[in-house]
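Visitor: Okay, handing you the structure first.
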Amino acid sequence: MAEQFIGKASEFKDGDRQIVRIGEDEIGVFKHEGAFYAYSNFCLHQGGPACEGLTIANVEERLRPDKTSMGLHFTDQMNFVCPWHGYEYDMKTGCHVKDKSVKLRKYDVVTKGNDVYVVA
Amino acid sequence: MSSPRTKKAAPKAAKPSTKAAKPAIKASRAASKPASDEGMTGRDKANFIKAMMEGIAPKDASGKRPPIKVEAPKKVEILRKISAPTPVERKSNPLSDEALKFAARLEEKFANGDFEALTPEATQALMTAICKLYSANAEAGNKFPVVKDRFSVTGTDAMILCGALLKAVDLQVFELGMWQSWSGI
Ligand code: FES
């Protein structure tokens, strides 16, 4: 595993992402809230392009003590959604939002000055 | 078929011979590996490591060891860049500022689970005015996203409202699709 240069940090706005191929691996690199995250672009469901779909905040239904609904609300957690069948992964961990044992391969991202490297 | 008893008896009979073999194994281990580094010269250590390495990397037919493969650097290729959506430029006028404040108050009520902040009549009036205003703008070519960003309403919210609007004017989803392909709006 070595650090592979993938671009300049200044080229990434918050919310931008880049799909890169490093050797045999296809990787999605996200910039979210100032930090970089990198995951395998192969969805754990059926191998779809996991990192190329919508990015969307997590939706939760709030309940009153008597279990009646207070409506659907977005939370602070950001997810990205596989465009093929909608598997939703947590941006910060790569875990499936409902089943934490389903987890995309995560790559370390290192920034040195303005250079961004993925360890792969 | 042998009974379980005869099966148990077999290992017992074999025991003495296993015991007898044990000291021989210990002796051969002791010969191949020194118990400690004490008394070993640097040359002895080098020979020991060399012998270990020879055991790991087998020689080829000519008696030479194949050269150690150095991993080739991986090729990095940028496949796609996906940009974050750019927010719509904000303009302002007194009525819009008032509407923004009113919307913020409604959002606050909703966040606290108060669904009845507006009466059905008030909701209908607001929806009607917004529906007409948005459509007139779109037809006039002044298109802008109907909600501020992807996190303003959930997919469920959007489907419920779209369904209700279509039902209110007695339209099917099929007709909506046909109209969209004809009109391009
Ligand atoms: S392949 Fe990703 S959700 Fe099915």
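We name chains A, B, ... following the order of the structure tokens; residues begin at 1 in each chain, and ligands are numbered from 1 as shown.
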Quick one: residues within 7 Å of ligand 1, with only C-alpha atoms and all ligand atoms, as a list in words?
Guide: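 After applying the 7 Å limit, what remains is Cys43, Leu44, His45, Gln46, Gly47, Gly48, Pro49, Ala50, Cys82, Pro83, Trp84, His85, Gly86 and Tyr87 of chain A.
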Visitor: What does the file look like for those residues with C-alpha atoms, as a PDB file, in the first residue's frame?
Guide:
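Listing of out_21.pdb after writing:
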ATOM      1  CA  CYS A  43     -21.463  -1.695  -4.198  1.00  0.00           C
ATOM      2  CA  LEU A  44     -21.796  -4.598  -1.780  1.00  0.00           C
ATOM      3  CA  HIS A  45     -25.235  -5.395  -3.156  1.00  0.00           C
ATOM      4  CA  GLN A  46     -24.528  -6.232  -6.793  1.00  0.00           C
ATOM      5  CA  GLY A  47     -21.365  -4.352  -7.680  1.00  0.00           C
ATOM      6  CA  GLY A  48     -22.990  -1.108  -8.843  1.00  0.00           C
ATOM      7  CA  PRO A  49     -21.114   2.231  -8.801  1.00  0.00           C
ATOM      8  CA  ALA A  50     -21.707   2.812  -5.079  1.00  0.00           C
ATOM      9  CA  CYS A  82     -25.823   3.554  -4.863  1.00  0.00           C
ATOM     10  CA  PRO A  83     -27.709   4.537  -8.036  1.00  0.00           C
ATOM     11  CA  TRP A  84     -28.588   0.963  -8.994  1.00  0.00           C
ATOM     12  CA  HIS A  85     -30.930  -0.147  -6.211  1.00  0.00           C
ATOM     13  CA  GLY A  86     -30.506   2.423  -3.463  1.00  0.00           C
ATOM     14  CA  TYR A  87     -28.088   0.902  -0.927  1.00  0.00           C
TER      15      TYR A  87
END
Visitor: Report as an mmCIF file with N, CA, C and O atoms, in the first residue's frame all protein, DNA and RNA residues lying within 12 Å of A:Leu54, evaluated on only C-alpha atoms, omitting residues in the same chain fewer than 2 positions from it.
Guide:
data_model
loop_
_atom_site.group_PDB
_atom_site.id
_atom_site.type_symbol
_atom_site.label_atom_id
_atom_site.label_comp_id
_atom_site.auth_asym_id
_atom_site.auth_seq_id
_atom_site.Cartn_x
_atom_site.Cartn_y
_atom_site.Cartn_z
ATOM 1 N N GLY A 15 -18.535 18.860 -0.908
ATOM 2 C CA GLY A 15 -19.614 18.177 -1.637
ATOM 3 C C GLY A 15 -19.157 17.594 -2.963
ATOM 4 O O GLY A 15 -19.880 16.824 -3.579
ATOM 5 N N ASP A 16 -17.946 17.964 -3.407
ATOM 6 C CA ASP A 16 -17.414 17.407 -4.660
ATOM 7 C C ASP A 16 -16.910 15.997 -4.419
ATOM 8 O O ASP A 16 -16.576 15.621 -3.295
ATOM 9 N N ARG A 17 -16.832 15.237 -5.499
ATOM 10 C CA ARG A 17 -16.204 13.909 -5.379
ATOM 11 C C ARG A 17 -15.540 13.541 -6.690
ATOM 12 O O ARG A 17 -15.799 14.142 -7.735
ATOM 13 N N PRO A 49 -22.052 1.139 -9.130
ATOM 14 C CA PRO A 49 -21.114 2.231 -8.801
ATOM 15 C C PRO A 49 -21.531 2.954 -7.522
ATOM 16 O O PRO A 49 -22.143 4.020 -7.565
ATOM 17 N N ALA A 50 -21.200 2.373 -6.381
ATOM 18 C CA ALA A 50 -21.707 2.812 -5.079
ATOM 19 C C ALA A 50 -21.504 4.294 -4.787
ATOM 20 O O ALA A 50 -22.316 4.916 -4.113
ATOM 21 N N CYS A 51 -20.404 4.880 -5.290
ATOM 22 C CA CYS A 51 -20.062 6.266 -4.921
ATOM 23 C C CYS A 51 -20.567 7.298 -5.922
ATOM 24 O O CYS A 51 -20.189 8.456 -5.847
ATOM 25 N N GLU A 52 -21.395 6.888 -6.881
ATOM 26 C CA GLU A 52 -21.753 7.835 -7.949
ATOM 27 C C GLU A 52 -23.204 8.288 -7.910
ATOM 28 O O GLU A 52 -23.662 8.971 -8.816
ATOM 29 N N ILE A 56 -27.222 12.363 0.239
ATOM 30 C CA ILE A 56 -28.454 12.817 0.901
ATOM 31 C C ILE A 56 -28.344 12.636 2.405
ATOM 32 O O ILE A 56 -27.720 11.668 2.870
ATOM 33 N N ALA A 57 -28.930 13.580 3.130
ATOM 34 C CA ALA A 57 -28.898 13.459 4.596
ATOM 35 C C ALA A 57 -29.786 12.291 5.027
ATOM 36 O O ALA A 57 -30.753 11.947 4.334
ATOM 37 N N ASN A 58 -29.434 11.700 6.148
ATOM 38 C CA ASN A 58 -30.204 10.572 6.674
ATOM 39 C C ASN A 58 -31.613 11.040 7.047
ATOM 40 O O ASN A 58 -31.778 12.143 7.570
ATOM 41 N N MET A 78 -24.689 12.481 6.835
ATOM 42 C CA MET A 78 -24.776 12.487 5.370
ATOM 43 C C MET A 78 -24.510 11.086 4.836
ATOM 44 O O MET A 78 -23.604 10.396 5.304
ATOM 45 N N ASN A 79 -25.317 10.682 3.856
ATOM 46 C CA ASN A 79 -25.156 9.359 3.248
ATOM 47 C C ASN A 79 -24.953 9.505 1.745
ATOM 48 O O ASN A 79 -25.322 10.524 1.173
ATOM 49 N N PHE A 80 -24.390 8.491 1.122
ATOM 50 C CA PHE A 80 -24.394 8.439 -0.336
ATOM 51 C C PHE A 80 -25.111 7.162 -0.765
ATOM 52 O O PHE A 80 -25.069 6.149 -0.064
ATOM 53 N N VAL A 81 -25.775 7.258 -1.910
ATOM 54 C CA VAL A 81 -26.715 6.209 -2.300
ATOM 55 C C VAL A 81 -26.258 5.561 -3.605
ATOM 56 O O VAL A 81 -25.996 6.264 -4.591
ATOM 57 N N CYS A 82 -26.181 4.246 -3.620
ATOM 58 C CA CYS A 82 -25.823 3.554 -4.863
ATOM 59 C C CYS A 82 -26.958 3.764 -5.865
ATOM 60 O O CYS A 82 -28.127 3.525 -5.544
ATOM 61 N N PRO A 83 -26.642 4.214 -7.084
ATOM 62 C CA PRO A 83 -27.709 4.537 -8.036
ATOM 63 C C PRO A 83 -28.448 3.312 -8.592
ATOM 64 O O PRO A 83 -29.512 3.466 -9.184
ATOM 65 N N TRP A 84 -27.913 2.121 -8.405
ATOM 66 C CA TRP A 84 -28.588 0.963 -8.994
ATOM 67 C C TRP A 84 -29.847 0.564 -8.237
ATOM 68 O O TRP A 84 -30.924 0.500 -8.794
ATOM 69 N N HIS A 85 -29.733 0.283 -6.949
ATOM 70 C CA HIS A 85 -30.930 -0.147 -6.211
ATOM 71 C C HIS A 85 -31.073 0.553 -4.865
ATOM 72 O O HIS A 85 -31.848 0.130 -4.023
ATOM 73 N N GLY A 86 -30.279 1.594 -4.645
ATOM 74 C CA GLY A 86 -30.506 2.423 -3.463
ATOM 75 C C GLY A 86 -29.858 2.001 -2.165
ATOM 76 O O GLY A 86 -30.305 2.440 -1.104
ATOM 77 N N TYR A 87 -28.815 1.158 -2.181
ATOM 78 C CA TYR A 87 -28.088 0.902 -0.927
ATOM 79 C C TYR A 87 -27.523 2.234 -0.446
ATOM 80 O O TYR A 87 -26.924 2.962 -1.227
ATOM 81 N N GLU A 88 -27.728 2.538 0.831
ATOM 82 C CA GLU A 88 -27.338 3.840 1.356
ATOM 83 C C GLU A 88 -26.199 3.655 2.352
ATOM 84 O O GLU A 88 -26.318 2.862 3.299
ATOM 85 N N TYR A 89 -25.098 4.362 2.133
ATOM 86 C CA TYR A 89 -23.913 4.204 2.982
ATOM 87 C C TYR A 89 -23.604 5.496 3.723
ATOM 88 O O TYR A 89 -23.720 6.583 3.147
ATOM 89 N N MET A 91 -21.489 8.400 4.997
ATOM 90 C CA MET A 91 -20.321 9.084 4.414
ATOM 91 C C MET A 91 -19.071 8.939 5.292
ATOM 92 O O MET A 91 -17.965 8.845 4.780
ATOM 93 N N ILE B 82 -17.376 14.602 -10.023
ATOM 94 C CA ILE B 82 -18.793 14.919 -9.786
ATOM 95 C C ILE B 82 -18.839 16.123 -8.858
ATOM 96 O O ILE B 82 -18.387 16.036 -7.714
ATOM 97 N N SER B 83 -19.357 17.234 -9.374
ATOM 98 C CA SER B 83 -19.372 18.467 -8.586
ATOM 99 C C SER B 83 -20.610 18.548 -7.715
ATOM 100 O O SER B 83 -21.675 18.045 -8.091
ATOM 101 N N ALA B 84 -20.463 19.223 -6.593
ATOM 102 C CA ALA B 84 -21.611 19.483 -5.720
ATOM 103 C C ALA B 84 -22.533 20.465 -6.443
ATOM 104 O O ALA B 84 -22.044 21.347 -7.152
ATOM 105 N N PRO B 85 -23.873 20.329 -6.299
ATOM 106 C CA PRO B 85 -24.775 21.269 -6.972
ATOM 107 C C PRO B 85 -24.556 22.699 -6.480
ATOM 108 O O PRO B 85 -24.333 22.915 -5.284
ATOM 109 N N ARG B 150 -31.444 19.563 -1.920
ATOM 110 C CA ARG B 150 -31.858 18.155 -1.859
ATOM 111 C C ARG B 150 -32.348 17.764 -0.465
ATOM 112 O O ARG B 150 -32.955 16.729 -0.283
ATOM 113 N N PHE B 151 -32.078 18.608 0.516
ATOM 114 C CA PHE B 151 -32.428 18.239 1.897
ATOM 115 C C PHE B 151 -33.591 19.057 2.449
ATOM 116 O O PHE B 151 -33.789 19.129 3.648
#
Visitor: Please identify every residue of chain B that has at least one atom no more than 6 Å from any atom of chain A, counting only C-alpha atoms, and report them as a ChimeraX atom specification.
Guide: /B:74-84,113
Visitor: At what distance in Å, to one decimal, does atom CA of B:Leu106 lie from atom CA of B:Ala122?
Guide: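 The value is 12.2 Å.
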Visitor: Using atom CA of A:Leu104 and atom CA of B:Thr154 as the two end points, give the distance in Å to one decimal.
Guide: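 Atom-to-atom, atom CA of A:Leu104 and atom CA of B:Thr154 are spaced 25.0 Å apart.
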